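Engineer: Contents of final.tsv (TSV, C-alpha atoms) are given next:
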chain	number	residue	atom	x	y	z
A	205	MET	CA	0.00	0.00	0.00
A	206	LEU	CA	1.57	3.24	-1.19
A	207	PHE	CA	0.83	6.54	0.51
A	208	PRO	CA	-0.47	9.13	-1.99
A	209	SER	CA	2.56	11.29	-1.10
A	210	PRO	CA	5.52	10.84	1.26
A	211	LEU	CA	4.75	11.41	4.92
A	212	VAL	CA	6.12	14.34	6.92
A	213	ARG	CA	8.14	13.78	10.08
A	214	GLY	CA	7.69	15.17	13.55
A	215	THR	CA	7.94	14.36	17.25
A	216	LEU	CA	5.05	13.01	19.31
A	217	LEU	CA	4.24	15.30	22.22
A	218	GLN	CA	1.15	13.51	23.55
A	219	ARG	CA	-1.79	11.39	22.50
A	220	TYR	CA	-5.13	12.14	24.13
A	221	LYS	CA	-8.84	11.41	23.74
A	222	ARG	CA	-7.71	8.36	21.72
A	223	PHE	CA	-8.37	10.21	18.46
A	224	LEU	CA	-5.94	13.13	18.77
A	225	ALA	CA	-2.22	13.72	19.19
A	226	ASP	CA	-0.07	16.82	19.52
A	227	ILE	CA	2.96	16.72	17.22
A	228	ARG	CA	5.90	19.06	16.74
A	229	LEU	CA	6.85	18.93	13.07
A	230	ASP	CA	10.49	19.05	11.98
A	231	SER	CA	9.72	22.52	10.62
A	232	GLY	CA	9.19	23.65	14.21
A	233	GLU	CA	5.42	24.02	13.91
A	234	SER	CA	3.28	22.35	16.58
A	235	ILE	CA	0.03	20.85	15.31
A	236	THR	CA	-2.83	18.61	16.42
A	237	ALA	CA	-3.28	15.48	14.31
A	238	SER	CA	-6.06	12.92	14.08
A	239	VAL	CA	-5.19	9.39	15.27
A	240	PRO	CA	-6.93	6.65	13.21
A	241	ASN	CA	-6.72	4.06	15.96
A	242	THR	CA	-9.32	3.48	18.68
A	243	GLY	CA	-7.16	0.98	20.58
A	244	SER	CA	-4.76	1.46	23.45
A	245	MET	CA	-1.68	1.69	21.19
A	246	ARG	CA	0.18	0.11	24.09
A	247	GLY	CA	3.89	0.94	23.92
A	248	LEU	CA	3.49	3.33	20.98
A	249	THR	CA	2.60	6.68	22.57
A	250	THR	CA	5.81	7.62	24.38
A	251	PRO	CA	6.32	11.41	24.26
A	252	GLY	CA	9.39	12.26	22.23
A	253	SER	CA	8.91	9.40	19.77
A	254	GLU	CA	9.49	10.00	16.08
A	255	ALA	CA	6.18	10.31	14.22
A	256	TRP	CA	5.19	10.37	10.55
A	257	LEU	CA	2.03	12.00	9.27
A	258	SER	CA	-0.01	12.33	6.10
A	259	ILE	CA	-1.52	15.67	5.08
A	260	SER	CA	-4.93	16.25	3.50
A	261	ASP	CA	-5.94	19.42	1.70
A	262	SER	CA	-9.66	18.68	2.12
A	263	PRO	CA	-11.49	21.80	3.36
A	264	THR	CA	-13.96	19.65	5.29
A	265	ARG	CA	-11.34	18.16	7.62
A	266	LYS	CA	-10.88	19.72	11.05
A	267	TYR	CA	-7.31	18.41	11.27
A	268	ALA	CA	-5.22	18.31	8.12
A	269	HIS	CA	-2.61	15.93	9.57
A	270	THR	CA	-3.15	12.24	10.29
A	271	LEU	CA	-0.73	10.14	12.33
A	272	GLN	CA	0.33	7.08	10.32
A	273	ILE	CA	3.62	5.78	11.75
A	274	VAL	CA	5.58	6.03	15.00
A	275	ARG	CA	9.01	4.75	15.92
A	276	ALA	CA	9.13	2.28	18.81
A	277	ASP	CA	11.74	-0.30	19.81
A	278	ASP	CA	14.00	1.13	17.08
A	279	THR	CA	11.56	0.21	14.30
A	280	LEU	CA	8.79	1.97	12.41
A	281	VAL	CA	5.27	0.89	13.37
A	282	GLY	CA	2.09	1.59	11.39
A	283	ILE	CA	-0.78	2.65	13.66
A	284	ASN	CA	-3.63	3.29	11.20
A	285	THR	CA	-6.24	0.56	11.77
A	286	GLY	CA	-7.97	1.55	8.55
A	287	LEU	CA	-5.13	0.17	6.41
A	288	PRO	CA	-4.88	-3.58	7.26
A	289	ASN	CA	-7.89	-4.55	5.11
A	290	LYS	CA	-6.19	-3.05	2.05
A	291	ILE	CA	-2.82	-4.59	2.98
A	292	ALA	CA	-4.42	-8.02	3.47
A	293	GLU	CA	-6.27	-7.74	0.16
A	294	GLU	CA	-3.05	-6.89	-1.66
A	295	ALA	CA	-1.32	-9.87	-0.01
A	296	ILE	CA	-4.14	-12.24	-0.98
A	297	LEU	CA	-4.22	-10.99	-4.58
A	298	SER	CA	-0.45	-11.54	-4.84
A	299	ASP	CA	-0.83	-15.13	-3.54
A	300	MET	CA	1.27	-14.40	-0.45
A	301	ILE	CA	-1.08	-16.73	1.43
A	302	PRO	CA	-1.25	-19.81	-0.85
A	303	GLN	CA	-4.13	-21.29	1.15
A	304	LEU	CA	-6.32	-18.37	0.03
A	305	SER	CA	-5.53	-18.53	-3.67
A	306	GLY	CA	-7.77	-19.84	-6.42
A	307	PHE	CA	-10.89	-17.75	-5.78
A	308	SER	CA	-12.79	-16.12	-8.62
A	309	THR	CA	-14.35	-13.11	-6.89
A	310	LEU	CA	-13.35	-10.91	-3.95
A	311	LYS	CA	-15.94	-8.79	-2.17
A	312	ARG	CA	-15.40	-6.27	0.61
A	313	GLU	CA	-17.49	-5.49	3.71
A	314	GLN	CA	-20.25	-8.06	3.22
A	315	LYS	CA	-23.00	-8.56	5.79
A	316	TYR	CA	-22.92	-11.85	7.71
A	317	GLY	CA	-23.55	-13.29	11.16
A	318	GLN	CA	-25.39	-11.24	13.75
A	319	ASN	CA	-25.35	-7.66	12.45
A	320	SER	CA	-21.70	-7.93	11.40
A	321	ARG	CA	-19.72	-7.34	8.24
A	322	ILE	CA	-16.92	-9.60	7.06
A	323	ASP	CA	-13.85	-7.71	5.89
A	324	LEU	CA	-13.27	-9.85	2.78
A	325	LEU	CA	-15.40	-12.54	1.18
A	326	LEU	CA	-13.68	-14.82	-1.34
A	327	LEU	CA	-15.92	-16.75	-3.74
A	328	GLY	CA	-14.71	-19.82	-5.61
A	329	GLU	CA	-15.83	-21.08	-9.00
A	330	SER	CA	-17.55	-24.04	-7.32
A	331	GLY	CA	-19.49	-21.75	-5.00
A	332	GLN	CA	-17.18	-22.10	-1.99
A	333	GLN	CA	-17.33	-19.12	0.34
A	334	THR	CA	-14.32	-18.03	2.40
A	335	TYR	CA	-14.99	-15.46	5.12
A	336	VAL	CA	-11.85	-13.47	5.97
A	337	GLU	CA	-11.67	-11.35	9.13
A	338	VAL	CA	-8.66	-8.98	9.23
A	339	LYS	CA	-7.06	-7.73	12.45
A	340	ASN	CA	-4.45	-5.03	12.95
A	341	VAL	CA	-1.42	-5.94	15.07
A	342	HIS	CA	1.32	-3.65	16.38
A	343	PHE	CA	1.91	-4.85	19.95
A	344	LYS	CA	5.26	-6.41	20.92
A	345	ARG	CA	6.70	-7.02	24.37
A	346	THR	CA	9.49	-9.55	24.04
A	347	GLY	CA	11.90	-10.71	21.37
A	348	GLN	CA	10.41	-10.84	17.89
A	349	LEU	CA	6.95	-11.94	19.00
A	350	ALA	CA	3.92	-9.90	17.91
A	351	GLU	CA	0.85	-10.23	20.13
A	352	PHE	CA	-2.87	-9.67	19.66
A	353	PRO	CA	-4.89	-8.12	21.19
A	354	ASP	CA	-3.24	-5.33	23.20
A	355	SER	CA	-6.46	-4.69	25.16
A	356	VAL	CA	-9.85	-6.31	25.70
A	357	THR	CA	-11.82	-6.73	22.46
A	358	ALA	CA	-15.33	-8.07	22.94
A	359	ARG	CA	-16.02	-7.34	19.27
A	360	GLY	CA	-13.06	-9.48	18.25
A	361	ALA	CA	-14.35	-12.42	20.32
A	362	LYS	CA	-17.76	-12.03	18.68
A	363	HIS	CA	-16.17	-12.27	15.24
A	364	LEU	CA	-14.49	-15.55	16.18
A	365	VAL	CA	-17.84	-17.03	17.18
A	366	GLU	CA	-19.38	-15.91	13.89
A	367	LEU	CA	-16.51	-17.35	11.86
A	368	SER	CA	-17.01	-20.65	13.67
A	369	GLU	CA	-20.65	-20.59	12.65
A	370	MET	CA	-19.63	-20.08	9.03
A	371	VAL	CA	-17.39	-23.16	9.25
A	372	LYS	CA	-20.22	-25.18	10.77
A	373	ALA	CA	-22.38	-24.12	7.81
A	374	GLY	CA	-19.84	-25.62	5.40
A	375	HIS	CA	-17.85	-22.51	4.49
A	376	ARG	CA	-14.30	-21.46	5.37
A	377	GLY	CA	-13.59	-19.03	8.20
A	378	VAL	CA	-10.22	-17.29	8.22
A	379	MET	CA	-8.40	-14.84	10.49
A	380	VAL	CA	-5.66	-12.73	8.90
A	381	PHE	CA	-3.50	-10.77	11.33
A	382	VAL	CA	-1.64	-7.86	9.71
A	383	ILE	CA	1.48	-6.99	11.72
A	384	GLN	CA	2.31	-3.35	10.98
A	385	ARG	CA	5.94	-3.63	12.04
A	386	GLN	CA	8.91	-5.52	10.60
A	387	ASP	CA	10.72	-6.67	13.75
A	388	CYS	CA	8.50	-9.72	14.41
A	389	ASP	CA	8.84	-13.29	13.12
A	390	SER	CA	5.77	-14.87	14.76
A	391	LEU	CA	2.44	-13.98	16.36
A	392	SER	CA	0.77	-15.16	19.55
A	393	ILE	CA	-2.63	-14.52	21.11
A	394	CYS	CA	-2.30	-12.37	24.22
A	395	GLY	CA	-4.24	-14.34	26.81
A	396	ASP	CA	-3.10	-12.37	29.84
A	397	LEU	CA	-4.57	-9.11	28.50
A	398	ASP	CA	-7.78	-10.65	27.16
A	399	PRO	CA	-8.45	-14.21	28.37
A	400	VAL	CA	-11.95	-14.17	26.84
A	401	TYR	CA	-10.55	-13.51	23.37
A	402	ALA	CA	-7.86	-16.16	23.88
A	403	ALA	CA	-10.52	-18.73	24.82
A	404	ALA	CA	-12.67	-17.72	21.84
A	405	PHE	CA	-9.66	-18.04	19.53
A	406	ALA	CA	-8.78	-21.51	20.83
A	407	ASN	CA	-12.41	-22.61	20.44
A	408	ALA	CA	-12.61	-21.20	16.91
A	409	ARG	CA	-9.45	-23.02	15.90
A	410	GLN	CA	-10.92	-26.28	17.22
A	411	HIS	CA	-13.95	-25.69	15.01
A	412	GLY	CA	-11.76	-25.27	11.93
A	413	VAL	CA	-11.23	-21.50	11.71
A	414	GLU	CA	-7.89	-20.88	9.97
A	415	ALA	CA	-5.35	-18.27	11.10
A	416	TYR	CA	-2.55	-16.56	9.17
A	417	ALA	CA	-0.27	-13.63	9.98
A	418	ILE	CA	1.40	-11.18	7.60
A	419	ARG	CA	4.41	-9.05	8.50
A	420	CYS	CA	4.82	-5.66	6.83
A	421	GLN	CA	7.69	-3.48	5.72
A	422	ILE	CA	7.14	0.08	6.92
A	423	SER	CA	8.49	3.28	5.41
A	424	PRO	CA	7.32	6.90	5.02
A	425	GLU	CA	6.41	5.99	1.43
A	426	SER	CA	4.50	2.74	1.92
A	427	ILE	CA	3.33	-0.10	4.14
A	428	ILE	CA	3.80	-3.30	2.17
A	429	ALA	CA	3.00	-6.91	3.07
A	430	ASP	CA	6.40	-8.59	3.33
A	431	GLN	CA	5.87	-12.25	4.22
A	432	THR	CA	3.74	-14.60	6.27
A	433	VAL	CA	4.90	-15.58	9.76
A	434	PRO	CA	3.67	-18.41	12.02
A	435	VAL	CA	0.67	-18.04	14.31
A	436	LEU	CA	1.69	-19.86	17.47
A	437	THR	CA	-0.78	-22.26	19.07
A	438	LEU	CA	-2.09	-21.55	22.55
Translate the structure described by the file into structure tokens.
Structural biologist:
Amino acid sequence: MLFPSPLVRGTLLQRYKRFLADIRLDSGESITASVPNTGSMRGLTTPGSEAWLSISDSPTRKYAHTLQIVRADDTLVGINTGLPNKIAEEAILSDMIPQLSGFSTLKREQKYGQNSRIDLLLLGESGQQTYVEVKNVHFKRTGQLAEFPDSVTARGAKHLVELSEMVKAGHRGVMVFVIQRQDCDSLSICGDLDPVYAAAFANARQHGVEAYAIRCQISPESIIADQTVPVLTL
């Protein structure tokens, strides 16, 4: 996924109200930027961290700048939770996940389950339906292990139940975790921060829900799916 134009650099002063951050640009100007991430961003909001932002010239936007990348643990980390669906789609279309190749049609944001929408629906020539739920990952505590989630996600647990129901109905249910950092070589489910999600994930796997993880290369010009990495069993 290429950014429309290269990002501008600054220094993170503070993140607040979840949706906003104060940034001092390298030009010396201090601005308020929108933060496209409703999660905790655990470990990614340290004041003084290097930050990279996109700029919009839309007159309808209250804040022209949007935070896209921060530096943490000596690596660049993508924080925009609106990007993983596009990154996952690009990876699937390039056959980075061989198990998801061979479909004839890809649809986005399709209704399914109990008042939910599946991120990607892959349709095969024979009528097979593959329901793909995409999750953003940027949490790391130790070594090169990415972890999900970084806070309690009741919505995420609900999606696992609904994917299991799709499998029971004879379809495929798939989780794709998009790791927006390049210093990880595997992914694990974070049971100590959300034991309910961990239990739902284990149950979904027992029912046949598949799980894949994609690591990304991050730069001020692009966030590109790099390679798949193992999803560790619980």
Engineer: Have a look at A:Leu349, A:Leu436, A:Glu369, A:His269 and name the one nearest to Tyr316 in chain A; count all atoms listed in the file.
Structural biologist: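 Closest candidate: A:Glu369.
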Engineer: So the first atom is CA of Pro302 in chain A and the second is CA of Met379 in chain A; what is the distance between them in Å, to one decimal place?
Structural biologist: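 It comes out at 14.3 Å.
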Engineer: Ranking A:Arg385, A:His375, A:His411, A:Arg275 by minimum distance to Ser330 in chain A and counting only C-alpha atoms, which one comes first?
Structural biologist: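 Distance minimum relative to Ser330 in chain A lands on A:His375.
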Engineer: One decimal, in Å: what's the spacing between CA of Arg246 in chain A and CA of Pro399 in chain A?
Structural biologist: 17.3 Å
Engineer: Counting all atoms listed in the file, figure out which residue out of A:Val338, A:Val365, A:Leu217, A:Ile383 gets nearest to Ile427 in chain A.
Structural biologist: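 The shortest atom-to-atom distance to Ile427 in chain A comes from A:Ile383.
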Engineer: Counting only C-alpha atoms, which residue out of A:Ala361, A:Ile422, A:Phe381, A:Ser244 sits closest to Ile273 in chain A?
Structural biologist: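 For Ile273 in chain A, the nearest of the given residues is A:Ile422.
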Engineer: I'd like the contact shell of Asp230 in chain A - 9 Å cut-off, only C-alpha atoms, skipping same-chain residues fewer than 4 positions apart - returned as a PyMOL selection string.
Structural biologist: chain A and resi 212-215
Engineer: Could you state the separation of CA of Ser298 in chain A and CA of Lys339 in chain A in Å, given to one decimal place?
Structural biologist: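 According to the coordinates, CA of Ser298 in chain A and CA of Lys339 in chain A are separated by 18.9 Å.
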Engineer: Please determine, counting all atoms listed in the file, which residue among A:Cys388, A:Leu304, A:Ala373, A:Leu367 has the shortest atom-to-atom distance to Arg409 in chain A.
Structural biologist: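 Closest to Arg409 in chain A of all the choices is A:Leu367.
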Engineer: Taking only C-alpha atoms into account, which of A:Ile428, A:Ala408, A:Ala402, A:Val433 comes nearest Gln348 in chain A?
Structural biologist: A:Val433
Engineer: List as a ChimeraX atom specification the protein and nucleic acid residues near Asn289 in chain A, meaning an atom at most 10 Å away when all atoms listed in the file are counted, but skip any in the same chain fewer than 2 places from it.
Structural biologist: /A:285-287,291-295,312-313,323-324,336-340,380-382
Engineer: Near Gln333 in chain A, counting only C-alpha atoms, which residues have an atom at most 12 Å away, once you skip same-chain residues fewer than 6 positions from it, shown as a ChimeraX atom specification?
Structural biologist: /A:304,306-311,314,316,322,324-327,367,370-371,373-378
Engineer: Got a sec: who's within 9 Å of Thr249 in chain A, counting all atoms listed in the file, leaving out chain neighbours fewer than 4 positions off, as a list of chain:residue names?
Structural biologist: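 These residues fall inside the cut-off: A:Leu216, A:Leu217, A:Gln218, A:Arg219, A:Met245, A:Ser253, A:Val274, A:Ala276.
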Engineer: Counting all atoms listed in the file, what is within 12 Å of Thr346 in chain A, bar same-chain residues fewer than 5 positions away, as a short mmCIF file (atom, residue, chain, number, x, y, z; two decimals) with C-alpha atoms, in the frame of the given file?
Structural biologist:
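Wrote it out as part33.cif, contents follow:
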data_model
loop_
_atom_site.label_atom_id
_atom_site.label_comp_id
_atom_site.auth_asym_id
_atom_site.auth_seq_id
_atom_site.Cartn_x
_atom_site.Cartn_y
_atom_site.Cartn_z
CA GLY A 247 3.89 0.94 23.92
CA ASP A 277 11.74 -0.30 19.81
CA GLU A 351 0.85 -10.23 20.13
CA ASP A 387 10.72 -6.67 13.75
CA CYS A 388 8.50 -9.72 14.41
CA ASP A 389 8.84 -13.29 13.12
CA SER A 390 5.77 -14.87 14.76
CA LEU A 391 2.44 -13.98 16.36
CA SER A 392 0.77 -15.16 19.55
#
Engineer: In the coordinate frame of the file, compute which residues have an atom within 12 Å of (-1.4, 15.4, 5.0) when using all atoms listed in the file, and state them as a VMD selection string.
Structural biologist: chain A and resid 207 to 213 235 to 238 256 to 262 265 267 to 272
Engineer: Missing atoms in range 212-223 of chain A: can you complete it with all heavy atoms, as a compact mmCIF listing (two decimals), keeping the file's coordinate frame?
Structural biologist:
# COMPACT_ATOMS: atom_id res chain seq x y z
N VAL A 212 5.26 13.33 6.29
CA VAL A 212 6.12 14.34 6.92
C VAL A 212 6.46 13.87 8.33
O VAL A 212 5.68 13.17 8.98
CB VAL A 212 5.46 15.72 6.95
CG1 VAL A 212 5.19 16.22 5.54
CG2 VAL A 212 4.17 15.70 7.76
N ARG A 213 7.64 14.26 8.80
CA ARG A 213 8.14 13.78 10.08
C ARG A 213 7.96 14.81 11.18
O ARG A 213 7.99 16.02 10.94
CB ARG A 213 9.61 13.41 9.95
CG ARG A 213 10.16 12.66 11.16
CD ARG A 213 11.57 12.21 10.93
NE ARG A 213 12.48 13.36 10.84
CZ ARG A 213 13.79 13.26 10.71
NH1 ARG A 213 14.35 12.06 10.60
NH2 ARG A 213 14.54 14.34 10.64
N GLY A 214 7.77 14.31 12.39
CA GLY A 214 7.69 15.17 13.55
C GLY A 214 8.01 14.39 14.81
O GLY A 214 8.49 13.26 14.76
N THR A 215 7.71 14.98 15.95
CA THR A 215 7.94 14.36 17.25
C THR A 215 6.63 14.32 18.03
O THR A 215 5.94 15.35 18.14
CB THR A 215 8.99 15.16 18.06
OG1 THR A 215 10.21 15.21 17.32
CG2 THR A 215 9.24 14.51 19.41
N LEU A 216 6.29 13.15 18.54
CA LEU A 216 5.05 13.01 19.31
C LEU A 216 5.19 13.71 20.65
O LEU A 216 6.12 13.44 21.42
CB LEU A 216 4.76 11.52 19.52
CG LEU A 216 3.53 11.17 20.36
CD1 LEU A 216 2.26 11.63 19.66
CD2 LEU A 216 3.47 9.67 20.63
N LEU A 217 4.27 14.60 20.93
CA LEU A 217 4.24 15.30 22.22
C LEU A 217 3.30 14.60 23.19
O LEU A 217 3.65 14.36 24.33
CB LEU A 217 3.82 16.76 22.02
CG LEU A 217 4.72 17.58 21.08
CD1 LEU A 217 4.16 18.99 20.92
CD2 LEU A 217 6.15 17.63 21.60
N GLN A 218 2.10 14.27 22.73
CA GLN A 218 1.15 13.51 23.55
C GLN A 218 0.01 13.02 22.68
O GLN A 218 -0.33 13.62 21.67
CB GLN A 218 0.59 14.37 24.70
CG GLN A 218 -0.24 15.55 24.23
CD GLN A 218 -1.00 16.24 25.35
OE1 GLN A 218 -1.35 15.62 26.36
NE2 GLN A 218 -1.27 17.52 25.19
N ARG A 219 -0.56 11.88 23.10
CA ARG A 219 -1.79 11.39 22.50
C ARG A 219 -2.87 11.52 23.56
O ARG A 219 -2.65 11.19 24.73
CB ARG A 219 -1.66 9.93 22.08
CG ARG A 219 -2.94 9.38 21.42
CD ARG A 219 -3.05 7.89 21.58
NE ARG A 219 -4.19 7.34 20.85
CZ ARG A 219 -4.70 6.13 21.03
NH1 ARG A 219 -4.14 5.31 21.91
NH2 ARG A 219 -5.73 5.71 20.33
N TYR A 220 -4.06 11.96 23.15
CA TYR A 220 -5.13 12.14 24.13
C TYR A 220 -6.47 11.95 23.44
O TYR A 220 -6.58 12.02 22.21
CB TYR A 220 -5.06 13.51 24.79
CG TYR A 220 -5.04 14.68 23.83
CD1 TYR A 220 -6.20 15.39 23.52
CD2 TYR A 220 -3.85 15.08 23.22
CE1 TYR A 220 -6.18 16.46 22.66
CE2 TYR A 220 -3.82 16.15 22.35
CZ TYR A 220 -4.98 16.83 22.06
OH TYR A 220 -4.96 17.88 21.20
N LYS A 221 -7.48 11.66 24.24
CA LYS A 221 -8.84 11.41 23.74
C LYS A 221 -8.86 10.31 22.67
O LYS A 221 -9.79 10.23 21.87
CB LYS A 221 -9.47 12.69 23.17
CG LYS A 221 -9.69 13.78 24.20
CD LYS A 221 -10.37 14.99 23.57
CE LYS A 221 -10.61 16.08 24.60
NZ LYS A 221 -11.24 17.28 24.01
N ARG A 222 -7.83 9.47 22.67
CA ARG A 222 -7.71 8.36 21.72
C ARG A 222 -7.60 8.80 20.27
O ARG A 222 -6.88 8.20 19.48
CB ARG A 222 -8.90 7.38 21.85
CG ARG A 222 -8.99 6.70 23.19
CD ARG A 222 -8.64 5.24 23.06
NE ARG A 222 -8.57 4.58 24.36
CZ ARG A 222 -8.52 3.29 24.53
NH1 ARG A 222 -8.55 2.49 23.48
NH2 ARG A 222 -8.43 2.77 25.74
N PHE A 223 -8.31 9.85 19.87
CA PHE A 223 -8.37 10.21 18.46
C PHE A 223 -7.46 11.37 18.08
O PHE A 223 -7.42 11.77 16.92
CB PHE A 223 -9.81 10.57 18.07
CG PHE A 223 -10.79 9.46 18.29
CD1 PHE A 223 -11.64 9.47 19.37
CD2 PHE A 223 -10.84 8.38 17.41
CE1 PHE A 223 -12.56 8.44 19.58
CE2 PHE A 223 -11.74 7.35 17.61
CZ PHE A 223 -12.60 7.37 18.69
